[in-house]
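Asks: What follows is upload.csv, made up of CSV, C-alpha atoms:
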```csv
chain,number,residue,atom,x,y,z
A,1,VAL,CA,11.0,-7.0,-6.0
A,2,HIS,CA,13.0,-3.8,-6.1
A,3,THR,CA,16.4,-5.3,-7.0
A,4,ASP,CA,15.8,-7.1,-10.3
A,5,GLY,CA,13.4,-5.3,-12.6
A,6,GLY,CA,11.6,-3.6,-9.7
A,7,TRP,CA,10.5,0.0,-9.5
A,8,TYR,CA,14.0,1.3,-8.8
A,9,SER,CA,15.5,-0.5,-11.8
A,10,LYS,CA,15.1,2.5,-14.1
A,11,TRP,CA,16.9,0.5,-16.9
A,12,ALA,CA,13.9,-1.8,-17.2
A,13,HIS,CA,10.8,-0.8,-19.1
A,14,PRO,CA,8.0,0.5,-16.8
A,15,GLY,CA,5.6,-2.2,-18.0
A,16,ALA,CA,8.2,-4.8,-17.1
A,17,ARG,CA,8.6,-3.2,-13.6
A,18,ALA,CA,4.9,-3.3,-13.2
A,19,TRP,CA,4.8,-7.0,-14.2
A,20,ARG,CA,7.5,-7.7,-11.6
A,21,GLN,CA,5.2,-6.1,-9.0
A,22,LEU,CA,2.4,-8.4,-10.1
A,23,GLN,CA,4.7,-11.4,-9.7
A,24,TYR,CA,5.5,-10.2,-6.2
A,25,ASP,CA,1.9,-9.8,-5.4
A,26,GLY,CA,1.2,-13.3,-6.7
A,27,PHE,CA,4.1,-14.7,-4.6
A,28,LEU,CA,2.6,-13.1,-1.4
A,29,ARG,CA,-0.9,-14.2,-2.2
A,30,ASP,CA,-0.2,-17.7,-3.4
A,31,GLU,CA,2.7,-18.7,-1.3
A,32,VAL,CA,3.3,-16.5,1.8
A,33,VAL,CA,-0.4,-16.2,2.8
A,34,PRO,CA,-1.2,-19.9,2.6
A,35,LEU,CA,2.0,-20.7,4.6
A,36,THR,CA,1.0,-18.1,7.2
A,37,TYR,CA,-2.5,-19.7,7.4
A,38,ALA,CA,-0.9,-23.2,7.8
A,39,ARG,CA,1.2,-22.0,10.8
A,40,ASN,CA,-1.3,-19.7,12.4
A,41,PRO,CA,-5.1,-20.4,12.3
A,42,SER,CA,-6.0,-16.7,12.6
A,43,ASP,CA,-7.2,-15.2,9.3
A,44,PHE,CA,-6.3,-11.7,10.4
A,45,VAL,CA,-3.7,-10.6,7.8
A,46,MET,CA,-2.2,-7.2,8.2
A,47,THR,CA,0.2,-5.5,5.8
A,48,ALA,CA,2.4,-2.5,6.8
A,49,GLY,CA,5.2,-0.6,5.2
A,50,ALA,CA,7.2,2.5,5.4
A,51,SER,CA,8.2,4.9,2.6
A,52,PHE,CA,8.2,2.8,-0.6
A,53,GLY,CA,7.2,-0.2,1.5
A,54,ALA,CA,3.9,1.6,2.2
A,55,TYR,CA,3.2,1.4,-1.5
A,56,ASP,CA,3.8,-2.4,-1.4
A,57,ALA,CA,1.6,-2.8,1.6
A,58,MET,CA,-1.2,-0.8,0.1
A,59,THR,CA,-1.0,-2.3,-3.3
A,60,PHE,CA,-1.2,-5.8,-1.9
A,61,ALA,CA,-4.1,-4.8,0.4
A,62,LEU,CA,-6.1,-3.2,-2.5
A,63,ARG,CA,-5.5,-6.1,-4.8
A,64,ASN,CA,-6.5,-8.6,-2.1
A,65,PRO,CA,-9.2,-7.1,0.0
A,66,ASP,CA,-10.6,-10.6,0.8
A,67,VAL,CA,-7.2,-11.5,2.4
A,68,VAL,CA,-5.9,-8.3,4.1
A,69,LYS,CA,-7.9,-7.0,7.1
A,70,ARG,CA,-5.7,-4.0,8.0
A,71,VAL,CA,-3.1,-2.0,6.1
A,72,ILE,CA,-0.8,0.5,7.6
A,73,GLY,CA,1.0,2.8,5.2
A,74,MET,CA,3.6,5.1,6.8
A,75,SER,CA,5.0,8.0,4.8
A,76,GLY,CA,3.8,6.4,1.7
A,77,MET,CA,3.6,7.1,-2.0
A,78,TYR,CA,0.4,5.8,-3.6
A,79,ASP,CA,0.6,7.0,-7.2
A,80,ILE,CA,3.3,5.0,-8.9
A,81,ARG,CA,3.1,7.0,-12.1
A,82,ASN,CA,6.1,9.1,-11.0
A,83,GLN,CA,8.2,5.9,-11.2
A,84,THR,CA,7.0,5.2,-14.8
A,85,ASP,CA,8.0,8.5,-16.2
A,86,GLY,CA,4.5,9.0,-17.6
A,87,TYR,CA,4.2,5.5,-19.1
A,88,ALA,CA,0.8,3.9,-18.5
A,89,ASP,CA,-0.7,0.7,-19.6
A,90,HIS,CA,-3.1,-2.0,-18.1
A,91,THR,CA,-0.3,-3.7,-16.2
A,92,VAL,CA,0.8,-0.4,-14.5
A,93,ALA,CA,-2.8,0.4,-13.6
A,94,GLN,CA,-3.1,-3.0,-11.9
A,95,VAL,CA,-0.3,-2.0,-9.4
A,96,ASN,CA,-1.1,1.7,-9.0
A,97,PRO,CA,-3.1,2.3,-5.8
A,98,TYR,CA,-4.5,5.6,-7.3
A,99,GLN,CA,-5.8,3.8,-10.3
A,100,LEU,CA,-7.0,0.8,-8.4
A,101,VAL,CA,-9.2,3.0,-6.2
A,102,GLY,CA,-10.2,5.2,-9.2
A,103,GLY,CA,-11.4,2.1,-11.1
A,104,LEU,CA,-13.3,0.7,-8.1
A,105,HIS,CA,-16.9,0.4,-9.2
A,106,ASP,CA,-18.0,-3.2,-8.3
A,107,PRO,CA,-20.3,-3.0,-5.2
A,108,GLN,CA,-19.1,-6.4,-3.9
A,109,ARG,CA,-15.4,-5.3,-4.2
A,110,ILE,CA,-16.2,-2.0,-2.5
A,111,ARG,CA,-17.9,-3.9,0.4
A,112,LEU,CA,-14.7,-5.9,0.8
A,113,HIS,CA,-12.6,-2.7,1.0
A,114,GLN,CA,-15.1,-1.2,3.4
A,115,GLN,CA,-14.4,-4.1,5.8
A,116,GLN,CA,-10.6,-3.3,5.7
A,117,ASP,CA,-9.0,-1.1,8.4
A,118,ILE,CA,-6.9,1.3,6.2
A,119,ILE,CA,-4.5,3.6,8.1
A,120,LEU,CA,-2.4,6.3,6.3
A,121,ALA,CA,0.2,7.8,8.7
A,122,ILE,CA,2.5,10.6,7.5
A,123,GLY,CA,4.3,13.7,8.8
A,124,GLU,CA,2.8,17.1,8.1
A,125,THR,CA,6.0,18.2,6.2
A,126,ASP,CA,6.6,14.9,4.4
A,127,TYR,CA,6.9,15.3,0.6
A,128,HIS,CA,4.0,12.9,0.1
A,129,ILE,CA,1.6,14.7,2.4
A,130,GLN,CA,-0.6,16.1,-0.4
A,131,GLN,CA,-0.7,12.7,-2.1
A,132,ASN,CA,-1.9,11.1,1.2
A,133,HIS,CA,-4.7,13.7,1.5
A,134,GLU,CA,-5.7,13.0,-2.1
A,135,PHE,CA,-5.6,9.2,-1.7
A,136,SER,CA,-7.6,9.3,1.5
A,137,GLY,CA,-10.2,11.5,-0.2
A,138,MET,CA,-10.3,9.1,-3.2
A,139,LEU,CA,-11.1,6.2,-0.8
A,140,TRP,CA,-13.8,8.2,1.0
A,141,ASN,CA,-15.3,9.2,-2.3
A,142,LYS,CA,-15.7,5.5,-3.1
A,143,GLY,CA,-17.3,4.9,0.3
A,144,VAL,CA,-14.2,3.3,1.8
A,145,GLY,CA,-13.4,4.6,5.2
A,146,ASN,CA,-9.8,5.2,6.2
A,147,ALA,CA,-7.8,6.9,8.9
A,148,LEU,CA,-5.5,9.6,7.7
A,149,ARG,CA,-3.1,10.3,10.6
A,150,VAL,CA,-0.9,13.4,10.2
A,151,TRP,CA,2.0,13.5,12.6
A,152,LYS,CA,3.9,16.7,13.6
A,153,GLY,CA,7.1,17.4,11.6
A,154,PHE,CA,8.6,15.3,8.8
A,155,ALA,CA,8.1,11.8,10.5
A,156,HIS,CA,9.8,10.0,7.6
A,157,ASP,CA,12.3,8.0,9.6
A,158,TRP,CA,12.6,4.8,11.6
A,159,PRO,CA,12.1,6.2,15.0
A,160,TRP,CA,8.7,7.7,13.9
A,161,TRP,CA,7.7,4.5,12.1
A,162,GLU,CA,8.4,2.5,15.2
A,163,LYS,CA,6.1,4.8,17.2
A,164,MET,CA,3.4,4.5,14.4
A,165,LEU,CA,3.6,0.8,14.4
A,166,ARG,CA,3.4,0.6,18.2
A,167,LEU,CA,0.3,2.8,18.2
A,168,TYR,CA,-1.5,1.3,15.2
A,169,VAL,CA,-0.7,-2.3,15.9
A,170,PHE,CA,-0.6,-2.5,19.7
A,171,GLY,CA,-2.6,0.6,20.6
A,172,HIS,CA,0.1,2.4,22.5
A,173,ASP,CA,3.5,4.0,21.9
```
Take the structure from the file and write it as C-alpha cells.

Replies:
Amino acid sequence: VHTDGGWYSKWAHPGARAWRQLQYDGFLRDEVVPLTYARNPSDFVMTAGASFGAYDAMTFALRNPDVVKRVIGMSGMYDIRNQTDGYADHTVAQVNPYQLVGGLHDPQRIRLHQQQDIILAIGETDYHIQQNHEFSGMLWNKGVGNALRVWKGFAHDWPWWEKMLRLYVFGHD
C-alpha cells in the first residue's frame, strides 16, 4: 500500500492516498481474513505493526472491530493528518484513527471496540509519545479500554519491537 499511491507517495493527492488505504483495508477484510479463516478455524484475529505499520494495524482494527480481537501498535502514529499536509475529506477521515475514534458514537460499535484488546507500546522518548498518550485518552473517553505501555528510552527499533511482540503475544520476553 505504501509503494503505489500510498502515504509515502507525496506526489499523489492525499485523497487518493487515503483511497488506496481503503483499498488495502478491503483486501485484508475481503480476501486475507476469509483465507485465514479457511485455513485456521480460530476466529481470533490479531493485528500488529511497528512504526508506520502500527498505523496500518490500528486502522484495520478500528475499521473492523467485529474481526480484530487484539491490536498491538508499537511506536505508532495514529493521526494521519501529518501525511496529508492539512488536507481533509471524508475519505481521509475513514482511515485516520484519531478521526475514527473521535467520530465513534454508535453504542453497538463502541461495544465491539470494548471487546478488543488494544495495546499501544512506545518508548518514553519516541517522537510519537504525546500522540500515543492523546490517542489512549481518546479511546478511554469513548469508554474503550486500552493498555498504553511506555518503555524506557526511545524503543523505536527492531530489537525493542521483538521484545514487545514476545511480551504482548506470548506473555514473556

Asks: Let me make sure I understand: among A:Gly26, A:Glu162, A:Leu120, A:Arg109, which one has the smallest atom-to-atom distance to Ile72 (chain A) if we use all atoms listed in the file?

Replies: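 Smallest distance to Ile72 (chain A) is found for A:Leu120.
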
Asks: Which neighbours of Val150 (chain A) fall inside 6 Å, counting all atoms listed in the file, when residues of the same chain fewer than 6 positions from it are skipped, and could you give them as a ChimeraX atom specification?

Replies: /A:121-124

Asks: Give me the residues within 9 Å of region 5-17 of chain A as number ranges by chain, counting only C-alpha atoms and dropping any in the same chain fewer than 3 places off.

Replies: A: 1-2, 20-22, 80, 83-85, 87-92

Asks: So which residues are close to (-1.2, -0.8, 7.0), meaning at most 9 Å away in the file's coordinates with only C-alpha atoms counted, and can you show them as a list in words?

Replies: Met46, Thr47, Ala48, Gly49, Ala54, Ala57, Met58, Ala61, Arg70, Val71, Ile72, Gly73, Met74, Asp117, Ile118, Ile119, Leu120, Ala121, Leu165 and Tyr168 of chain A

Asks: Which one is closest to Phe44 (chain A): A:Lys69, A:Gln99, A:Arg111, A:Leu139? Count all atoms listed in the file.

Replies: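 Result for the nearest residue to Phe44 (chain A): A:Lys69.
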
Asks: With only C-alpha atoms as the basis for distance, which of A:Arg63, A:His128, A:Lys142, A:Lys163 is at the shortest distance from Ser75 (chain A)?

Replies: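 Smallest separation from Ser75 (chain A) among the options: A:His128.
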